[in-house]
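Participant: First the structure, which I've put down as structure tokens, then a few questions once you've had a look.
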Number of protein chains: 2
Amino acid sequence: MMLKIGELASKTDVSHHTLRFYERQGLIAPAGRSDSGYRLYSDLDVDRVGFILSAKKVGFTLLEIQQLLELEITKDDNSCGDVKCFVDKKISAVNQRMLEMKRIKKSLQALSKACCGGSVPATQCTILEALSEQKN
Amino acid sequence: MMLKIGELASKTDVSHHTLRFYERQGLIAPAGRSDSGYRLYSDLDVDRVGFILSAKKVGFTLLEIQQLLELEITKDDNSCGDVKCFVDKKISAVNQRMLEMKRIKKSLQALSKACCGGSVPATQCTILEALSEQKN
DNA sequence: CTTGACCCTAGACCATAGTCTAGGGTTTAA
DNA sequence: TTAAACCCTAGACTATGGTCTAGGGTCAAG
């Protein structure tokens, strides 16, 4: 019934290093310990690791996952609105990042487009010139 | 003519900490030193910091900026094609990142959309359920 | 001749998400 | 009984881009 860390590791495909790291981060804790101090995990813990992996896959940081897990645990005291709000905040953070990346991409494309790209020496390369320009 | 680090810092709006950090990273080096060991910078160094800032603004990492600066310095031996290739590689890296972010955003939006978001207890919140699901 | 503002080096510290090692103890199977 | 495979803690190390501190030295004004 109870799994040792190596068993949980191979079952979830998360290294024992990482499992212990997640424990230090407060994401997961063993259900108990054996007499000799070995961590013992239950099926619930397997699910919990699954939750962590799913949340990682959709882009949450470990800190955010910790907060999500807290919502999970106290879900009787939290509304769907709370959870949705959490996700929506993340969505707008992602949107912010994407706008930033779009800006960067455009700048890079402008640089690339203006450059002849030929085998002439880069002495007057428009890219290098653009980057050297003082734009206050 | 020659600037001390504090002067360069205020002229470029980059802290003296960061300037020394950039020096350790090989991005910039003072033109010389005073008798007492103070770093002395020339106008070229001001331009160089400008180059670094511009390149940062378009999304290059410090390592990439170091490589760009090398291209800059040896530009007589490099072709426009080399420089353009460098920029184009960065563009496709940015594209990769953007695709990843799009994937994440879609997942998050799917989660959010499925959730009622009401003030009902989150006991059966679809978001928490989706994250708890085992997807092998 | 002292005070304050500046400069120096070397190294610690922050977040993020792990990975790995050293130096032990335990369990299992031959 | 001994060797392999596992487990433990504590802490170092990776990349990235800085920020800050400790503990000094230098320089200009009053």
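In the structure tokens, each chain is lettered A, B, ... as it comes, each chain's residues begin at 1, and ligands are numbered from 1 in order of appearance.
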Could you tell me which residues of chain B sit within 8 Å of chain A when counting only C-alpha atoms, and give me the result as a PyMOL selection string?
Facilitator: chain B and resi 47-48+50-52+54-55+57-59+72+75-85+87-88+90-91+94-95+98+101+104-105+107-109+111-112+115-123+125+127-128+131-134
Participant: Since we have the selection now, will you write its residues out, keeping C-alpha atoms, as a PDB file, in the first residue's frame?
Facilitator:
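As a result, selection_13.pdb now contains:
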ATOM      1  CA  ASP B  47      28.443  53.535 -26.967  1.00  0.00           C
ATOM      2  CA  ARG B  48      29.191  49.979 -26.021  1.00  0.00           C
ATOM      3  CA  GLY B  50      24.279  51.584 -25.397  1.00  0.00           C
ATOM      4  CA  PHE B  51      24.773  48.618 -27.682  1.00  0.00           C
ATOM      5  CA  ILE B  52      24.271  46.247 -24.768  1.00  0.00           C
ATOM      6  CA  SER B  54      19.693  47.997 -27.243  1.00  0.00           C
ATOM      7  CA  ALA B  55      20.455  44.332 -27.665  1.00  0.00           C
ATOM      8  CA  LYS B  57      15.787  45.452 -25.392  1.00  0.00           C
ATOM      9  CA  VAL B  58      15.369  43.269 -28.452  1.00  0.00           C
ATOM     10  CA  GLY B  59      15.634  40.168 -26.296  1.00  0.00           C
ATOM     11  CA  GLU B  72      30.837  43.855 -33.980  1.00  0.00           C
ATOM     12  CA  LYS B  75      33.104  42.932 -38.356  1.00  0.00           C
ATOM     13  CA  ASP B  76      35.693  43.315 -41.081  1.00  0.00           C
ATOM     14  CA  ASP B  77      36.115  39.547 -41.025  1.00  0.00           C
ATOM     15  CA  ASN B  78      32.418  38.755 -40.839  1.00  0.00           C
ATOM     16  CA  SER B  79      29.757  39.031 -43.471  1.00  0.00           C
ATOM     17  CA  CYS B  80      26.337  40.537 -43.169  1.00  0.00           C
ATOM     18  CA  GLY B  81      25.120  36.983 -43.677  1.00  0.00           C
ATOM     19  CA  ASP B  82      26.780  35.921 -40.404  1.00  0.00           C
ATOM     20  CA  VAL B  83      25.079  38.692 -38.491  1.00  0.00           C
ATOM     21  CA  LYS B  84      21.721  38.109 -40.112  1.00  0.00           C
ATOM     22  CA  CYS B  85      21.975  34.386 -39.426  1.00  0.00           C
ATOM     23  CA  VAL B  87      19.463  37.303 -35.608  1.00  0.00           C
ATOM     24  CA  ASP B  88      17.378  34.777 -37.534  1.00  0.00           C
ATOM     25  CA  LYS B  90      17.137  34.180 -32.307  1.00  0.00           C
ATOM     26  CA  ILE B  91      13.895  34.826 -34.139  1.00  0.00           C
ATOM     27  CA  VAL B  94      11.510  33.372 -29.949  1.00  0.00           C
ATOM     28  CA  ASN B  95       8.968  31.677 -32.192  1.00  0.00           C
ATOM     29  CA  MET B  98       5.769  31.833 -28.362  1.00  0.00           C
ATOM     30  CA  MET B 101       3.205  30.072 -24.481  1.00  0.00           C
ATOM     31  CA  ILE B 104      -0.073  27.097 -22.178  1.00  0.00           C
ATOM     32  CA  LYS B 105      -2.519  29.918 -22.710  1.00  0.00           C
ATOM     33  CA  SER B 107      -4.791  25.087 -21.681  1.00  0.00           C
ATOM     34  CA  LEU B 108      -5.425  27.766 -19.118  1.00  0.00           C
ATOM     35  CA  GLN B 109      -8.306  29.223 -21.084  1.00  0.00           C
ATOM     36  CA  LEU B 111      -9.639  25.387 -17.664  1.00  0.00           C
ATOM     37  CA  SER B 112     -11.101  28.801 -17.002  1.00  0.00           C
ATOM     38  CA  CYS B 115     -15.313  26.600 -14.525  1.00  0.00           C
ATOM     39  CA  CYS B 116     -18.547  28.157 -13.342  1.00  0.00           C
ATOM     40  CA  GLY B 117     -16.605  30.763 -11.390  1.00  0.00           C
ATOM     41  CA  GLY B 118     -19.469  31.213  -8.995  1.00  0.00           C
ATOM     42  CA  SER B 119     -19.502  31.507  -5.257  1.00  0.00           C
ATOM     43  CA  VAL B 120     -20.291  27.832  -4.809  1.00  0.00           C
ATOM     44  CA  PRO B 121     -17.729  25.866  -2.799  1.00  0.00           C
ATOM     45  CA  ALA B 122     -14.883  24.575  -4.951  1.00  0.00           C
ATOM     46  CA  THR B 123     -15.524  21.034  -3.842  1.00  0.00           C
ATOM     47  CA  CYS B 125     -14.473  22.704  -9.192  1.00  0.00           C
ATOM     48  CA  ILE B 127     -10.356  23.225 -12.665  1.00  0.00           C
ATOM     49  CA  LEU B 128      -9.171  21.338  -9.624  1.00  0.00           C
ATOM     50  CA  LEU B 131      -5.577  19.138 -12.621  1.00  0.00           C
ATOM     51  CA  SER B 132      -6.131  16.078 -10.466  1.00  0.00           C
ATOM     52  CA  GLU B 133      -6.836  13.852 -13.425  1.00  0.00           C
ATOM     53  CA  GLN B 134      -4.274  11.226 -14.228  1.00  0.00           C
TER      54      GLN B 134
END
Participant: Would you give me, as number ranges by chain, the residues of chain B that come within 8 Å of chain D, using only C-alpha atoms (C1' of nucleotides)?
Facilitator: B: 17-18, 21, 36
Participant: Rounded to one decimal place, report the atom C1' of DA30 of chain C-atom CA of Leu8 of chain A distance in Å.
Facilitator: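 Those two atoms sit 27.1 Å apart.
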Participant: Set the cut-off to 12 Å and count only C-alpha atoms (C1' of nucleotides): what are the residues of chain C that reach chain A? Output as a PyMOL selection string.
Facilitator: chain C and resi 15-21+25-27
Participant: Kindly export the residues of the current selection with N, CA and C atoms (P, O5', C5', C4', C3', O3' and C1' of nucleotides), as a PDB file, in the first residue's frame.
Facilitator:
ATOM      1  P    DA C  15      14.356  34.279  -2.700  1.00  0.00           P
ATOM      2  O5'  DA C  15      13.963  34.284  -4.248  1.00  0.00           O
ATOM      3  C5'  DA C  15      13.280  35.399  -4.818  1.00  0.00           C
ATOM      4  C4'  DA C  15      13.041  35.103  -6.288  1.00  0.00           C
ATOM      5  C3'  DA C  15      12.390  33.745  -6.541  1.00  0.00           C
ATOM      6  O3'  DA C  15      11.377  33.880  -7.540  1.00  0.00           O
ATOM      7  C1'  DA C  15      14.472  33.863  -7.670  1.00  0.00           C
ATOM      8  P    DT C  16      10.289  32.726  -7.699  1.00  0.00           P
ATOM      9  O5'  DT C  16      10.976  31.685  -8.666  1.00  0.00           O
ATOM     10  C5'  DT C  16      11.213  32.052 -10.014  1.00  0.00           C
ATOM     11  C4'  DT C  16      11.747  30.848 -10.750  1.00  0.00           C
ATOM     12  C3'  DT C  16      11.208  29.514 -10.233  1.00  0.00           C
ATOM     13  O3'  DT C  16      10.487  28.899 -11.282  1.00  0.00           O
ATOM     14  C1'  DT C  16      13.580  29.464 -10.500  1.00  0.00           C
ATOM     15  P    DA C  17       9.538  27.638 -10.967  1.00  0.00           P
ATOM     16  O5'  DA C  17      10.520  26.407 -11.183  1.00  0.00           O
ATOM     17  C5'  DA C  17      11.069  26.170 -12.486  1.00  0.00           C
ATOM     18  C4'  DA C  17      12.059  25.047 -12.399  1.00  0.00           C
ATOM     19  C3'  DA C  17      11.598  23.855 -11.535  1.00  0.00           C
ATOM     20  O3'  DA C  17      11.923  22.643 -12.194  1.00  0.00           O
ATOM     21  C1'  DA C  17      13.710  24.531 -10.889  1.00  0.00           C
ATOM     22  P    DG C  18      11.146  21.301 -11.768  1.00  0.00           P
ATOM     23  O5'  DG C  18      11.832  20.939 -10.367  1.00  0.00           O
ATOM     24  C5'  DG C  18      12.817  19.922 -10.283  1.00  0.00           C
ATOM     25  C4'  DG C  18      14.117  20.357 -10.881  1.00  0.00           C
ATOM     26  C3'  DG C  18      15.161  19.272 -10.889  1.00  0.00           C
ATOM     27  O3'  DG C  18      15.351  18.818 -12.197  1.00  0.00           O
ATOM     28  C1'  DG C  18      16.063  21.380 -10.187  1.00  0.00           C
ATOM     29  P    DT C  19      15.881  17.415 -12.524  1.00  0.00           P
ATOM     30  O5'  DT C  19      17.405  17.441 -12.037  1.00  0.00           O
ATOM     31  C5'  DT C  19      18.402  18.016 -12.869  1.00  0.00           C
ATOM     32  C4'  DT C  19      19.758  17.842 -12.196  1.00  0.00           C
ATOM     33  C3'  DT C  19      20.095  16.405 -11.800  1.00  0.00           C
ATOM     34  O3'  DT C  19      21.282  16.053 -12.476  1.00  0.00           O
ATOM     35  C1'  DT C  19      20.591  17.932 -10.047  1.00  0.00           C
ATOM     36  P    DC C  20      21.848  14.575 -12.413  1.00  0.00           P
ATOM     37  O5'  DC C  20      22.966  14.688 -11.287  1.00  0.00           O
ATOM     38  C5'  DC C  20      23.812  15.839 -11.253  1.00  0.00           C
ATOM     39  C4'  DC C  20      24.618  15.865  -9.957  1.00  0.00           C
ATOM     40  C3'  DC C  20      25.023  14.488  -9.446  1.00  0.00           C
ATOM     41  O3'  DC C  20      26.433  14.451  -9.388  1.00  0.00           O
ATOM     42  C1'  DC C  20      24.157  15.843  -7.687  1.00  0.00           C
ATOM     43  P    DT C  21      27.197  13.083  -9.104  1.00  0.00           P
ATOM     44  O5'  DT C  21      27.905  13.436  -7.722  1.00  0.00           O
ATOM     45  C5'  DT C  21      28.330  14.767  -7.468  1.00  0.00           C
ATOM     46  C4'  DT C  21      28.687  14.902  -6.002  1.00  0.00           C
ATOM     47  C3'  DT C  21      29.244  13.636  -5.372  1.00  0.00           C
ATOM     48  O3'  DT C  21      30.466  13.971  -4.730  1.00  0.00           O
ATOM     49  C1'  DT C  21      27.479  14.506  -4.046  1.00  0.00           C
ATOM     50  P    DG C  25      26.403   5.118  10.213  1.00  0.00           P
ATOM     51  O5'  DG C  25      24.927   4.829   9.670  1.00  0.00           O
ATOM     52  C5'  DG C  25      23.825   5.550  10.200  1.00  0.00           C
ATOM     53  C4'  DG C  25      22.542   5.026   9.581  1.00  0.00           C
ATOM     54  C3'  DG C  25      22.235   3.558   9.899  1.00  0.00           C
ATOM     55  O3'  DG C  25      20.850   3.412  10.207  1.00  0.00           O
ATOM     56  C1'  DG C  25      22.270   3.891   7.563  1.00  0.00           C
ATOM     57  P    DT C  26      20.276   1.950  10.560  1.00  0.00           P
ATOM     58  O5'  DT C  26      19.677   1.509   9.141  1.00  0.00           O
ATOM     59  C5'  DT C  26      18.609   2.241   8.555  1.00  0.00           C
ATOM     60  C4'  DT C  26      17.926   1.417   7.468  1.00  0.00           C
ATOM     61  C3'  DT C  26      17.522   0.005   7.855  1.00  0.00           C
ATOM     62  O3'  DT C  26      16.254  -0.211   7.256  1.00  0.00           O
ATOM     63  C1'  DT C  26      18.894  -0.070   5.946  1.00  0.00           C
ATOM     64  P    DT C  27      15.235  -1.342   7.772  1.00  0.00           P
ATOM     65  O5'  DT C  27      14.981  -2.142   6.420  1.00  0.00           O
ATOM     66  C5'  DT C  27      15.106  -1.457   5.164  1.00  0.00           C
ATOM     67  C4'  DT C  27      15.322  -2.428   4.031  1.00  0.00           C
ATOM     68  C3'  DT C  27      14.854  -3.867   4.217  1.00  0.00           C
ATOM     69  O3'  DT C  27      14.156  -4.194   3.032  1.00  0.00           O
ATOM     70  C1'  DT C  27      17.059  -3.843   3.470  1.00  0.00           C
TER      71       DT C  27
END
Participant: Gly6 of chain B: which residues within 12 Å, counting only C-alpha atoms (C1' of nucleotides), same-chain residues fewer than 3 positions away excluded, as JSON, numbers by chain?
Facilitator: {"B": [2, 3, 9, 10, 11, 12, 13, 14, 15, 16, 17, 18, 19, 20, 38, 39, 40, 41], "C": [5, 6, 7]}
Participant: Output as a count of residues only all residues of chain A that backbone DSSP marks as alpha helix (DSSP H).
Facilitator: 86
Participant: Can you work out the spacing between atom C1' of DA12 of chain C and atom CA of Glu23 of chain A in Å, to one decimal?
Facilitator: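 Interatomic distance, atom C1' of DA12 of chain C to atom CA of Glu23 of chain A: 25.8 Å.
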Participant: So the first atom is atom C1' of DT3 of chain C and the second is atom CA of Arg33 of chain B; what is the distance between them in Å, to one decimal place?
Facilitator: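 Spanning atom C1' of DT3 of chain C to atom CA of Arg33 of chain B is a straight-line distance of 26.1 Å.
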Participant: Kindly indicate which residue among A:Lys4, A:Glu64, A:Ala110, A:Asp45 lies nearest to Lys89 of chain A, using only C-alpha atoms for the distances.
Facilitator: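 For Lys89 of chain A, the nearest of the given residues is A:Glu64.
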